[in-house]
Amino acid sequence: PHVGVIVVAAGSGTRLGAGAPKAFVGIDGRTILRHALEGVFAAPSAQVVIVAPESRVGDALTEALDAAGDRRDLVSVVPGGTSRQASVAAGLKALWADIDTVLVHDAARALTPPEVFARVAAAVQGGAAGVVPVLPVIDTIKRVSESVVVGAVDRSELSAAQTPQGFRRDVLDAAYVSAGREFTDDAALVAEAGYSVAAVPGHPLAFKITTAADLERARHLVAPAPV
Ligand code: CTP
Ligand code: MG
């Protein structure tokens with residue numbers, strides 16, 4: 001199997017509001033992108049494509065070569081698009097011909113452990129067209145319309161989707177060619193194209209850094225334990 005990982009890092013980070021593109025904001029001495037790449041390079045893969053903001057392609061390459069260690073020849077960096085979906089499409093175009101399994105990962109899920117990459121890749125290699133890591137939904141969920149609770153939602157049938165999401169390369173290529181609108185994630189895009197998507201266990205550390213509170217949580221998690 002030849003696994004290619006596409007790390008999408010081309011977003012602006014509007015909700016974080018840190019004054020720089022989110023992937024280049026520091027957690028500790030290291031950026032969100034750098035932490036994400038540590039997890040990526042700790043798992044086996046044959047290519048890693050980083051999708052960066054146009055103005056940050058050089059910075060992303062520096063970070064990636066640093067994180068890659070002796071696997072520097074696996075690294076590609078390409079500029080992203082105006083939506084996440086456009087950025088994934090840009091990453092797909094940069095995949096080498098021999099890549100047969102694709103993992104698409106949000107750089108913003110900076111602390112995702114390597115075991116999640118391994119679990120998702122294994123499920124694709126085991127025959128799934130698409131694979132999403134999920135966590136159970138903890139909160140009680142209500143359907144609300146115009147400030148009125150209009151129905152209960154059975155929490156047991158709900159899951160929160162994470163990344164890396166994994167796909168057979170031919171499936172993801174075909175689904176992106178046929179996509180006629182924007183989808184919330186790659187699994188939804190692939191499901192809409194008619195393929196079945198399997199779920200595997202996600203990980204609490206694969207949470208997405210979206211807001212300042214999320215960044216604060218990440219900072220606490222990477223801080224050295226007090227002596
Ligand atoms: N992303 C991307 N290209 C875009 C938009 C998003 O590569 N045009 C990436 C982000 O860099 C991030 C992941 O998709 O790693 C998930 O997106 P999100 O958390 O929404 O990040 P941002 O779009 O940067 O944040 P915001 O929506 O708050 O602006
Ligand atoms: Mg966004």
# chains A, B, ... in the order shown; residues from 1 in each chain; ligands from 1
$ closest_atom_pairs --of "chain A" --to "ligand 1" --cutoff "10 Å" --atoms "only C-alpha atoms and all ligand atoms" --output "JSON lines"
{"residue": "A:Ile6", "atom": "CA", "partner": "ligand 1", "partner_atom_place_in_ligand_line": "7 (O)", "distance": 9.7}
{"residue": "A:Val7", "atom": "CA", "partner": "ligand 1", "partner_atom_place_in_ligand_line": "15 (O)", "distance": 7.4}
{"residue": "A:Val8", "atom": "CA", "partner": "ligand 1", "partner_atom_place_in_ligand_line": "7 (O)", "distance": 3.9}
{"residue": "A:Ala9", "atom": "CA", "partner": "ligand 1", "partner_atom_place_in_ligand_line": "11 (O)", "distance": 3.3}
{"residue": "A:Ala10", "atom": "CA", "partner": "ligand 1", "partner_atom_place_in_ligand_line": "7 (O)", "distance": 3.5}
{"residue": "A:Gly11", "atom": "CA", "partner": "ligand 1", "partner_atom_place_in_ligand_line": "24 (O)", "distance": 3.1}
{"residue": "A:Ser12", "atom": "CA", "partner": "ligand 1", "partner_atom_place_in_ligand_line": "24 (O)", "distance": 4.0}
{"residue": "A:Gly13", "atom": "CA", "partner": "ligand 1", "partner_atom_place_in_ligand_line": "24 (O)", "distance": 3.5}
{"residue": "A:Thr14", "atom": "CA", "partner": "ligand 1", "partner_atom_place_in_ligand_line": "29 (O)", "distance": 3.6}
{"residue": "A:Arg15", "atom": "CA", "partner": "ligand 1", "partner_atom_place_in_ligand_line": "28 (O)", "distance": 3.6}
{"residue": "A:Leu16", "atom": "CA", "partner": "ligand 1", "partner_atom_place_in_ligand_line": "28 (O)", "distance": 5.8}
{"residue": "A:Gly17", "atom": "CA", "partner": "ligand 1", "partner_atom_place_in_ligand_line": "28 (O)", "distance": 7.7}
{"residue": "A:Ala20", "atom": "CA", "partner": "ligand 1", "partner_atom_place_in_ligand_line": "24 (O)", "distance": 9.7}
{"residue": "A:Pro21", "atom": "CA", "partner": "ligand 1", "partner_atom_place_in_ligand_line": "24 (O)", "distance": 6.6}
{"residue": "A:Lys22", "atom": "CA", "partner": "ligand 1", "partner_atom_place_in_ligand_line": "24 (O)", "distance": 5.5}
{"residue": "A:Ala23", "atom": "CA", "partner": "ligand 1", "partner_atom_place_in_ligand_line": "11 (O)", "distance": 6.0}
{"residue": "A:Phe24", "atom": "CA", "partner": "ligand 1", "partner_atom_place_in_ligand_line": "11 (O)", "distance": 9.5}
{"residue": "A:Ile32", "atom": "CA", "partner": "ligand 1", "partner_atom_place_in_ligand_line": "15 (O)", "distance": 9.0}
{"residue": "A:Leu33", "atom": "CA", "partner": "ligand 1", "partner_atom_place_in_ligand_line": "15 (O)", "distance": 8.3}
{"residue": "A:Ala36", "atom": "CA", "partner": "ligand 1", "partner_atom_place_in_ligand_line": "15 (O)", "distance": 9.4}
{"residue": "A:Ile50", "atom": "CA", "partner": "ligand 1", "partner_atom_place_in_ligand_line": "7 (O)", "distance": 8.9}
{"residue": "A:Val51", "atom": "CA", "partner": "ligand 1", "partner_atom_place_in_ligand_line": "7 (O)", "distance": 6.0}
{"residue": "A:Ala52", "atom": "CA", "partner": "ligand 1", "partner_atom_place_in_ligand_line": "7 (O)", "distance": 6.5}
{"residue": "A:Pro53", "atom": "CA", "partner": "ligand 1", "partner_atom_place_in_ligand_line": "3 (N)", "distance": 7.5}
{"residue": "A:Pro79", "atom": "CA", "partner": "ligand 1", "partner_atom_place_in_ligand_line": "7 (O)", "distance": 8.9}
{"residue": "A:Gly80", "atom": "CA", "partner": "ligand 1", "partner_atom_place_in_ligand_line": "3 (N)", "distance": 5.7}
{"residue": "A:Gly81", "atom": "CA", "partner": "ligand 1", "partner_atom_place_in_ligand_line": "8 (N)", "distance": 5.0}
{"residue": "A:Thr82", "atom": "CA", "partner": "ligand 1", "partner_atom_place_in_ligand_line": "8 (N)", "distance": 4.1}
{"residue": "A:Ser83", "atom": "CA", "partner": "ligand 1", "partner_atom_place_in_ligand_line": "8 (N)", "distance": 3.5}
{"residue": "A:Arg84", "atom": "CA", "partner": "ligand 1", "partner_atom_place_in_ligand_line": "4 (C)", "distance": 3.7}
{"residue": "A:Gln85", "atom": "CA", "partner": "ligand 1", "partner_atom_place_in_ligand_line": "3 (N)", "distance": 7.1}
{"residue": "A:Ala86", "atom": "CA", "partner": "ligand 1", "partner_atom_place_in_ligand_line": "8 (N)", "distance": 6.7}
{"residue": "A:Ser87", "atom": "CA", "partner": "ligand 1", "partner_atom_place_in_ligand_line": "3 (N)", "distance": 4.8}
{"residue": "A:Val88", "atom": "CA", "partner": "ligand 1", "partner_atom_place_in_ligand_line": "7 (O)", "distance": 6.9}
{"residue": "A:Ala89", "atom": "CA", "partner": "ligand 1", "partner_atom_place_in_ligand_line": "7 (O)", "distance": 9.9}
{"residue": "A:Ala90", "atom": "CA", "partner": "ligand 1", "partner_atom_place_in_ligand_line": "7 (O)", "distance": 9.4}
{"residue": "A:Gly91", "atom": "CA", "partner": "ligand 1", "partner_atom_place_in_ligand_line": "7 (O)", "distance": 9.3}
{"residue": "A:Val104", "atom": "CA", "partner": "ligand 1", "partner_atom_place_in_ligand_line": "14 (O)", "distance": 9.8}
{"residue": "A:His105", "atom": "CA", "partner": "ligand 1", "partner_atom_place_in_ligand_line": "15 (O)", "distance": 7.5}
{"residue": "A:Asp106", "atom": "CA", "partner": "ligand 1", "partner_atom_place_in_ligand_line": "15 (O)", "distance": 3.9}
{"residue": "A:Ala107", "atom": "CA", "partner": "ligand 1", "partner_atom_place_in_ligand_line": "15 (O)", "distance": 4.0}
{"residue": "A:Ala108", "atom": "CA", "partner": "ligand 1", "partner_atom_place_in_ligand_line": "15 (O)", "distance": 4.1}
{"residue": "A:Arg109", "atom": "CA", "partner": "ligand 1", "partner_atom_place_in_ligand_line": "15 (O)", "distance": 7.0}
{"residue": "A:Ala110", "atom": "CA", "partner": "ligand 1", "partner_atom_place_in_ligand_line": "15 (O)", "distance": 8.6}
{"residue": "A:Thr163", "atom": "CA", "partner": "ligand 1", "partner_atom_place_in_ligand_line": "16 (C)", "distance": 9.5}
{"residue": "A:Thr184", "atom": "CA", "partner": "ligand 1", "partner_atom_place_in_ligand_line": "20 (O)", "distance": 9.8}
{"residue": "A:Asp185", "atom": "CA", "partner": "ligand 1", "partner_atom_place_in_ligand_line": "16 (C)", "distance": 9.2}
{"residue": "A:Lys208", "atom": "CA", "partner": "ligand 1", "partner_atom_place_in_ligand_line": "19 (O)", "distance": 6.5}
{"residue": "A:Ile209", "atom": "CA", "partner": "ligand 1", "partner_atom_place_in_ligand_line": "19 (O)", "distance": 6.6}
{"residue": "A:Thr210", "atom": "CA", "partner": "ligand 1", "partner_atom_place_in_ligand_line": "19 (O)", "distance": 5.3}
{"residue": "A:Thr211", "atom": "CA", "partner": "ligand 1", "partner_atom_place_in_ligand_line": "28 (O)", "distance": 7.4}
$ write_last_selection --atoms "C-alpha atoms" --output "CSV table (one decimal), in the first residue's frame"
chain,number,residue,atom,x,y,z
A,6,ILE,CA,-2.9,15.6,2.5
A,7,VAL,CA,-2.6,18.1,5.3
A,8,VAL,CA,-4.9,21.1,4.7
A,9,ALA,CA,-3.4,24.2,6.3
A,10,ALA,CA,-4.5,26.9,3.9
A,11,GLY,CA,-7.3,28.4,6.1
A,12,SER,CA,-7.2,31.9,7.5
A,13,GLY,CA,-8.3,31.2,11.0
A,14,THR,CA,-11.0,33.8,11.2
A,15,ARG,CA,-12.6,32.4,14.4
A,16,LEU,CA,-9.2,32.0,16.1
A,17,GLY,CA,-8.5,35.6,15.3
A,20,ALA,CA,-2.0,35.1,11.3
A,21,PRO,CA,-3.1,32.1,9.2
A,22,LYS,CA,-4.1,29.6,11.8
A,23,ALA,CA,-1.6,26.8,10.9
A,24,PHE,CA,1.2,29.3,11.6
A,32,ILE,CA,-0.1,24.3,14.9
A,33,LEU,CA,1.2,23.0,11.5
A,36,ALA,CA,0.2,18.3,13.2
A,50,ILE,CA,0.9,20.2,2.7
A,51,VAL,CA,-1.6,22.6,1.4
A,52,ALA,CA,-0.7,26.1,2.5
A,53,PRO,CA,-1.8,29.7,2.0
A,79,PRO,CA,-1.0,26.6,-2.5
A,80,GLY,CA,-4.6,26.1,-1.3
A,81,GLY,CA,-7.9,27.5,-2.5
A,82,THR,CA,-10.6,29.8,-1.1
A,83,SER,CA,-12.5,26.9,0.6
A,84,ARG,CA,-11.3,23.8,2.4
A,85,GLN,CA,-12.7,21.7,-0.4
A,86,ALA,CA,-10.7,23.6,-3.0
A,87,SER,CA,-7.6,23.1,-0.9
A,88,VAL,CA,-8.1,19.4,-0.7
A,89,ALA,CA,-8.6,19.4,-4.5
A,90,ALA,CA,-5.3,21.2,-4.9
A,91,GLY,CA,-3.6,18.6,-2.7
A,104,VAL,CA,-7.0,13.9,4.4
A,105,HIS,CA,-6.1,15.7,7.6
A,106,ASP,CA,-6.9,19.2,9.1
A,107,ALA,CA,-3.7,20.9,10.3
A,108,ALA,CA,-5.9,22.4,12.9
A,109,ARG,CA,-6.3,19.0,14.6
A,110,ALA,CA,-2.7,19.5,15.7
A,163,THR,CA,-9.8,13.7,10.6
A,184,THR,CA,-18.8,20.0,5.1
A,185,ASP,CA,-16.2,17.2,4.9
A,208,LYS,CA,-9.9,20.9,16.1
A,209,ILE,CA,-8.4,24.1,17.2
A,210,THR,CA,-11.1,26.6,16.1
A,211,THR,CA,-11.4,29.2,18.8
$ residues_around --residues "Ser159 (chain A)" --least-positions-apart "4" --cutoff "8 Å" --atoms "only C-alpha atoms" --output "ChimeraX atom specification"
/A:134-137
$ write_last_selection --atoms "N, CA and C atoms" --output "PDB file, in the first residue's frame"
ATOM      1  N   VAL A 134     -14.469   8.783  14.424  1.00  0.00           N
ATOM      2  CA  VAL A 134     -15.581   9.459  15.107  1.00  0.00           C
ATOM      3  C   VAL A 134     -15.487   9.293  16.619  1.00  0.00           C
ATOM      4  N   LEU A 135     -16.111  10.255  17.322  1.00  0.00           N
ATOM      5  CA  LEU A 135     -16.285  10.157  18.764  1.00  0.00           C
ATOM      6  C   LEU A 135     -17.767  10.230  19.066  1.00  0.00           C
ATOM      7  N   PRO A 136     -18.199   9.536  20.124  1.00  0.00           N
ATOM      8  CA  PRO A 136     -19.604   9.676  20.512  1.00  0.00           C
ATOM      9  C   PRO A 136     -19.910  11.113  20.925  1.00  0.00           C
ATOM     10  N   VAL A 137     -21.143  11.530  20.703  1.00  0.00           N
ATOM     11  CA  VAL A 137     -21.572  12.865  21.122  1.00  0.00           C
ATOM     12  C   VAL A 137     -21.941  12.794  22.605  1.00  0.00           C
TER      13      VAL A 137
END
$ residues_around --residues "Ala118 (chain A)" --least-positions-apart "5" --cutoff "10 Å" --atoms "only C-alpha atoms" --output "list in words"
Val40, Ala42, Ala43, Pro44, Ser45, Pro113, Ala123 and Pro164 of chain A
$ write_last_selection --atoms "N, CA and C atoms" --output "PDB file, in the first residue's frame"
ATOM      1  N   VAL A  40       1.817  13.301  11.794  1.00  0.00           N
ATOM      2  CA  VAL A  40       1.793  12.725  10.441  1.00  0.00           C
ATOM      3  C   VAL A  40       3.048  11.899  10.198  1.00  0.00           C
ATOM      4  N   ALA A  42       5.015  10.543  12.294  1.00  0.00           N
ATOM      5  CA  ALA A  42       5.192   9.419  13.215  1.00  0.00           C
ATOM      6  C   ALA A  42       4.475   8.166  12.722  1.00  0.00           C
ATOM      7  N   ALA A  43       3.632   8.315  11.699  1.00  0.00           N
ATOM      8  CA  ALA A  43       2.924   7.173  11.117  1.00  0.00           C
ATOM      9  C   ALA A  43       3.526   6.894   9.736  1.00  0.00           C
ATOM     10  N   PRO A  44       3.447   5.638   9.253  1.00  0.00           N
ATOM     11  CA  PRO A  44       4.031   5.348   7.950  1.00  0.00           C
ATOM     12  C   PRO A  44       3.252   5.988   6.808  1.00  0.00           C
ATOM     13  N   SER A  45       3.961   6.514   5.807  1.00  0.00           N
ATOM     14  CA  SER A  45       3.301   7.035   4.607  1.00  0.00           C
ATOM     15  C   SER A  45       4.339   7.117   3.503  1.00  0.00           C
ATOM     16  N   PRO A 113      -3.043  11.883  17.591  1.00  0.00           N
ATOM     17  CA  PRO A 113      -1.988  10.878  17.775  1.00  0.00           C
ATOM     18  C   PRO A 113      -1.790  10.014  16.527  1.00  0.00           C
ATOM     19  N   ALA A 123      -8.112   0.588   7.911  1.00  0.00           N
ATOM     20  CA  ALA A 123      -9.501   0.332   7.505  1.00  0.00           C
ATOM     21  C   ALA A 123      -9.673   0.487   5.998  1.00  0.00           C
ATOM     22  N   PRO A 164      -7.747  12.361  10.630  1.00  0.00           N
ATOM     23  CA  PRO A 164      -7.692  12.100   9.193  1.00  0.00           C
ATOM     24  C   PRO A 164      -8.829  11.210   8.710  1.00  0.00           C
TER      25      PRO A 164
END
$ residues_around --residues "Arg30 (chain A)" --least-positions-apart "3" --cutoff "12 Å" --atoms "only C-alpha atoms" --output "ChimeraX atom specification"
/A:23-27,33-38,63,66-67,110-111,218-219,222-223
$ write_last_selection --atoms "C-alpha atoms" --output "CSV table (one decimal), in the first residue's frame"
chain,number,residue,atom,x,y,z
A,23,ALA,CA,-1.6,26.8,10.9
A,24,PHE,CA,1.2,29.3,11.6
A,25,VAL,CA,0.1,30.3,15.1
A,26,GLY,CA,2.3,29.0,17.9
A,27,ILE,CA,1.1,26.5,20.5
A,33,LEU,CA,1.2,23.0,11.5
A,34,ARG,CA,4.5,21.7,13.1
A,35,HIS,CA,2.6,19.8,15.8
A,36,ALA,CA,0.2,18.3,13.2
A,37,LEU,CA,3.2,17.2,11.1
A,38,GLU,CA,4.9,15.5,14.1
A,63,GLU,CA,8.3,23.4,8.8
A,66,ASP,CA,12.2,20.0,9.7
A,67,ALA,CA,9.4,17.7,10.8
A,110,ALA,CA,-2.7,19.5,15.7
A,111,LEU,CA,-2.5,17.0,18.5
A,218,ALA,CA,-3.9,22.7,23.3
A,219,ARG,CA,-1.3,24.9,25.1
A,222,VAL,CA,1.6,20.3,25.4
A,223,ALA,CA,3.0,22.2,28.4
$ closest_residue --among "A:Ser76, A:Asp214, A:Ala161, A:Phe183" --to "Pro201 (chain A)" --atoms "only C-alpha atoms"
A:Ala161
$ select_by_dssp --residues "region 129-209 of chain A" --states "strand (DSSP E or B)" --output "number ranges by chain"
A: 130-136, 142-145, 148-152, 159-161, 165-168, 197-201
$ select_by_dssp --residues "region 5-183 of chain A" --states "helix (DSSP H, G or I)" --output "MDAnalysis selection string"
chainID A and resid 22:24 32:41 54:74 84:93 114:125 155:157 169:178
$ closest_residue --among "A:Leu172, A:Ala213, A:Ala68, A:Val149" --to "Asp186 (chain A)" --atoms "only C-alpha atoms"
A:Leu172
$ residues_around --residues "Phe167 (chain A)" --least-positions-apart "3" --cutoff "9 Å" --atoms "only C-alpha atoms" --output "PDB file with N, CA and C atoms, in the first residue's frame"
ATOM      1  N   ASP A 100      -2.134   4.954  -3.586  1.00  0.00           N
ATOM      2  CA  ASP A 100      -3.430   4.274  -3.751  1.00  0.00           C
ATOM      3  C   ASP A 100      -4.389   4.525  -2.593  1.00  0.00           C
ATOM      4  N   THR A 101      -3.880   5.075  -1.489  1.00  0.00           N
ATOM      5  CA  THR A 101      -4.691   5.351  -0.306  1.00  0.00           C
ATOM      6  C   THR A 101      -4.410   6.791   0.117  1.00  0.00           C
ATOM      7  N   VAL A 102      -5.485   7.573   0.344  1.00  0.00           N
ATOM      8  CA  VAL A 102      -5.294   8.981   0.691  1.00  0.00           C
ATOM      9  C   VAL A 102      -5.902   9.262   2.058  1.00  0.00           C
ATOM     10  N   LEU A 103      -5.131   9.891   2.929  1.00  0.00           N
ATOM     11  CA  LEU A 103      -5.650  10.385   4.206  1.00  0.00           C
ATOM     12  C   LEU A 103      -5.696  11.905   4.114  1.00  0.00           C
ATOM     13  N   VAL A 104      -6.868  12.489   4.379  1.00  0.00           N
ATOM     14  CA  VAL A 104      -7.000  13.943   4.361  1.00  0.00           C
ATOM     15  C   VAL A 104      -7.134  14.421   5.804  1.00  0.00           C
ATOM     16  N   VAL A 120      -7.048   4.506  10.563  1.00  0.00           N
ATOM     17  CA  VAL A 120      -7.809   4.887   9.369  1.00  0.00           C
ATOM     18  C   VAL A 120      -7.205   4.242   8.129  1.00  0.00           C
ATOM     19  N   ALA A 121      -5.876   4.271   8.013  1.00  0.00           N
ATOM     20  CA  ALA A 121      -5.225   3.662   6.846  1.00  0.00           C
ATOM     21  C   ALA A 121      -5.515   2.163   6.801  1.00  0.00           C
ATOM     22  N   VAL A 124      -8.968   1.441   5.383  1.00  0.00           N
ATOM     23  CA  VAL A 124      -9.032   1.577   3.923  1.00  0.00           C
ATOM     24  C   VAL A 124      -8.380   0.360   3.278  1.00  0.00           C
ATOM     25  N   ALA A 128     -12.473  -0.714   2.925  1.00  0.00           N
ATOM     26  CA  ALA A 128     -13.444   0.382   2.957  1.00  0.00           C
ATOM     27  C   ALA A 128     -13.112   1.419   1.890  1.00  0.00           C
ATOM     28  N   ALA A 129     -14.151   1.931   1.207  1.00  0.00           N
ATOM     29  CA  ALA A 129     -13.931   2.985   0.211  1.00  0.00           C
ATOM     30  C   ALA A 129     -13.581   4.299   0.898  1.00  0.00           C
ATOM     31  N   GLY A 130     -14.236   4.530   2.065  1.00  0.00           N
ATOM     32  CA  GLY A 130     -13.988   5.742   2.837  1.00  0.00           C
ATOM     33  C   GLY A 130     -14.069   5.423   4.321  1.00  0.00           C
ATOM     34  N   VAL A 131     -13.311   6.153   5.124  1.00  0.00           N
ATOM     35  CA  VAL A 131     -13.256   5.897   6.568  1.00  0.00           C
ATOM     36  C   VAL A 131     -13.204   7.229   7.318  1.00  0.00           C
ATOM     37  N   ASP A 170      -8.765   6.155  -5.929  1.00  0.00           N
ATOM     38  CA  ASP A 170      -9.651   6.262  -7.094  1.00  0.00           C
ATOM     39  C   ASP A 170     -11.025   6.794  -6.694  1.00  0.00           C
ATOM     40  N   VAL A 171     -11.478   6.399  -5.499  1.00  0.00           N
ATOM     41  CA  VAL A 171     -12.778   6.859  -4.995  1.00  0.00           C
ATOM     42  C   VAL A 171     -12.755   8.369  -4.734  1.00  0.00           C
ATOM     43  N   LEU A 172     -11.703   8.837  -4.059  1.00  0.00           N
ATOM     44  CA  LEU A 172     -11.641  10.267  -3.720  1.00  0.00           C
ATOM     45  C   LEU A 172     -11.494  11.113  -4.989  1.00  0.00           C
ATOM     46  N   ALA A 187     -15.837  13.031   3.775  1.00  0.00           N
ATOM     47  CA  ALA A 187     -16.698  11.858   3.910  1.00  0.00           C
ATOM     48  C   ALA A 187     -18.089  12.141   3.331  1.00  0.00           C
ATOM     49  N   VAL A 190     -17.837  12.142  -0.471  1.00  0.00           N
ATOM     50  CA  VAL A 190     -17.681  10.784  -1.001  1.00  0.00           C
ATOM     51  C   VAL A 190     -18.995   9.995  -0.870  1.00  0.00           C
ATOM     52  N   VAL A 197     -19.185   4.781   3.546  1.00  0.00           N
ATOM     53  CA  VAL A 197     -18.128   5.302   4.404  1.00  0.00           C
ATOM     54  C   VAL A 197     -18.224   4.613   5.759  1.00  0.00           C
TER      55      VAL A 197
END
$ closest_residue --among "A:Ala152, A:Leu221, A:Ala174, A:Ala122" --to "Pro1 (chain A)" --atoms "only C-alpha atoms"
A:Ala122
$ atom_distance --atom1 "CA of Arg72 (chain A)" --atom2 "CA of Ala60 (chain A)"
12.9 Å
$ closest_residue --among "A:Asp139, A:Ala46, A:Phe41, A:Val78" --to "Asp59 (chain A)" --atoms "only C-alpha atoms"
A:Val78
$ decode --residues "region 109-129 of chain A" --atoms "N, CA and C atoms" --output "PDB file, in the first residue's frame"
ATOM      1  N   ARG A 109      -6.182  20.084  13.592  1.00  0.00           N
ATOM      2  CA  ARG A 109      -6.267  18.981  14.582  1.00  0.00           C
ATOM      3  C   ARG A 109      -4.832  18.604  14.944  1.00  0.00           C
ATOM      4  N   ALA A 110      -4.152  19.557  15.537  1.00  0.00           N
ATOM      5  CA  ALA A 110      -2.692  19.522  15.659  1.00  0.00           C
ATOM      6  C   ALA A 110      -2.175  18.408  16.547  1.00  0.00           C
ATOM      7  N   LEU A 111      -2.970  17.955  17.508  1.00  0.00           N
ATOM      8  CA  LEU A 111      -2.469  16.992  18.493  1.00  0.00           C
ATOM      9  C   LEU A 111      -2.959  15.567  18.229  1.00  0.00           C
ATOM     10  N   THR A 112      -3.458  15.313  17.023  1.00  0.00           N
ATOM     11  CA  THR A 112      -3.948  13.975  16.659  1.00  0.00           C
ATOM     12  C   THR A 112      -2.831  12.932  16.789  1.00  0.00           C
ATOM     13  N   PRO A 113      -3.043  11.883  17.591  1.00  0.00           N
ATOM     14  CA  PRO A 113      -1.988  10.878  17.775  1.00  0.00           C
ATOM     15  C   PRO A 113      -1.790  10.014  16.527  1.00  0.00           C
ATOM     16  N   PRO A 114      -0.565   9.522  16.305  1.00  0.00           N
ATOM     17  CA  PRO A 114      -0.254   8.691  15.136  1.00  0.00           C
ATOM     18  C   PRO A 114      -1.154   7.469  15.021  1.00  0.00           C
ATOM     19  N   GLU A 115      -1.635   6.939  16.155  1.00  0.00           N
ATOM     20  CA  GLU A 115      -2.466   5.730  16.096  1.00  0.00           C
ATOM     21  C   GLU A 115      -3.743   5.957  15.277  1.00  0.00           C
ATOM     22  N   VAL A 116      -4.246   7.176  15.233  1.00  0.00           N
ATOM     23  CA  VAL A 116      -5.467   7.429  14.456  1.00  0.00           C
ATOM     24  C   VAL A 116      -5.175   7.304  12.958  1.00  0.00           C
ATOM     25  N   PHE A 117      -4.007   7.810  12.531  1.00  0.00           N
ATOM     26  CA  PHE A 117      -3.603   7.665  11.125  1.00  0.00           C
ATOM     27  C   PHE A 117      -3.510   6.184  10.766  1.00  0.00           C
ATOM     28  N   ALA A 118      -2.890   5.416  11.659  1.00  0.00           N
ATOM     29  CA  ALA A 118      -2.696   3.984  11.405  1.00  0.00           C
ATOM     30  C   ALA A 118      -4.042   3.262  11.328  1.00  0.00           C
ATOM     31  N   ARG A 119      -4.966   3.627  12.232  1.00  0.00           N
ATOM     32  CA  ARG A 119      -6.278   2.974  12.272  1.00  0.00           C
ATOM     33  C   ARG A 119      -7.075   3.261  11.001  1.00  0.00           C
ATOM     34  N   VAL A 120      -7.048   4.506  10.563  1.00  0.00           N
ATOM     35  CA  VAL A 120      -7.809   4.887   9.369  1.00  0.00           C
ATOM     36  C   VAL A 120      -7.205   4.242   8.129  1.00  0.00           C
ATOM     37  N   ALA A 121      -5.876   4.271   8.013  1.00  0.00           N
ATOM     38  CA  ALA A 121      -5.225   3.662   6.846  1.00  0.00           C
ATOM     39  C   ALA A 121      -5.515   2.163   6.801  1.00  0.00           C
ATOM     40  N   ALA A 122      -5.485   1.517   7.962  1.00  0.00           N
ATOM     41  CA  ALA A 122      -5.734   0.072   8.008  1.00  0.00           C
ATOM     42  C   ALA A 122      -7.156  -0.251   7.550  1.00  0.00           C
ATOM     43  N   ALA A 123      -8.112   0.588   7.911  1.00  0.00           N
ATOM     44  CA  ALA A 123      -9.501   0.332   7.505  1.00  0.00           C
ATOM     45  C   ALA A 123      -9.673   0.487   5.998  1.00  0.00           C
ATOM     46  N   VAL A 124      -8.968   1.441   5.383  1.00  0.00           N
ATOM     47  CA  VAL A 124      -9.032   1.577   3.923  1.00  0.00           C
ATOM     48  C   VAL A 124      -8.380   0.360   3.278  1.00  0.00           C
ATOM     49  N   GLN A 125      -7.229  -0.039   3.811  1.00  0.00           N
ATOM     50  CA  GLN A 125      -6.533  -1.192   3.235  1.00  0.00           C
ATOM     51  C   GLN A 125      -7.330  -2.473   3.460  1.00  0.00           C
ATOM     52  N   GLY A 126      -8.205  -2.466   4.477  1.00  0.00           N
ATOM     53  CA  GLY A 126      -9.067  -3.610   4.732  1.00  0.00           C
ATOM     54  C   GLY A 126     -10.289  -3.658   3.826  1.00  0.00           C
ATOM     55  N   GLY A 127     -10.450  -2.669   2.943  1.00  0.00           N
ATOM     56  CA  GLY A 127     -11.504  -2.741   1.943  1.00  0.00           C
ATOM     57  C   GLY A 127     -12.534  -1.620   1.956  1.00  0.00           C
ATOM     58  N   ALA A 128     -12.473  -0.714   2.925  1.00  0.00           N
ATOM     59  CA  ALA A 128     -13.444   0.382   2.957  1.00  0.00           C
ATOM     60  C   ALA A 128     -13.112   1.419   1.890  1.00  0.00           C
ATOM     61  N   ALA A 129     -14.151   1.931   1.207  1.00  0.00           N
ATOM     62  CA  ALA A 129     -13.931   2.985   0.211  1.00  0.00           C
ATOM     63  C   ALA A 129     -13.581   4.299   0.898  1.00  0.00           C
TER      64      ALA A 129
END
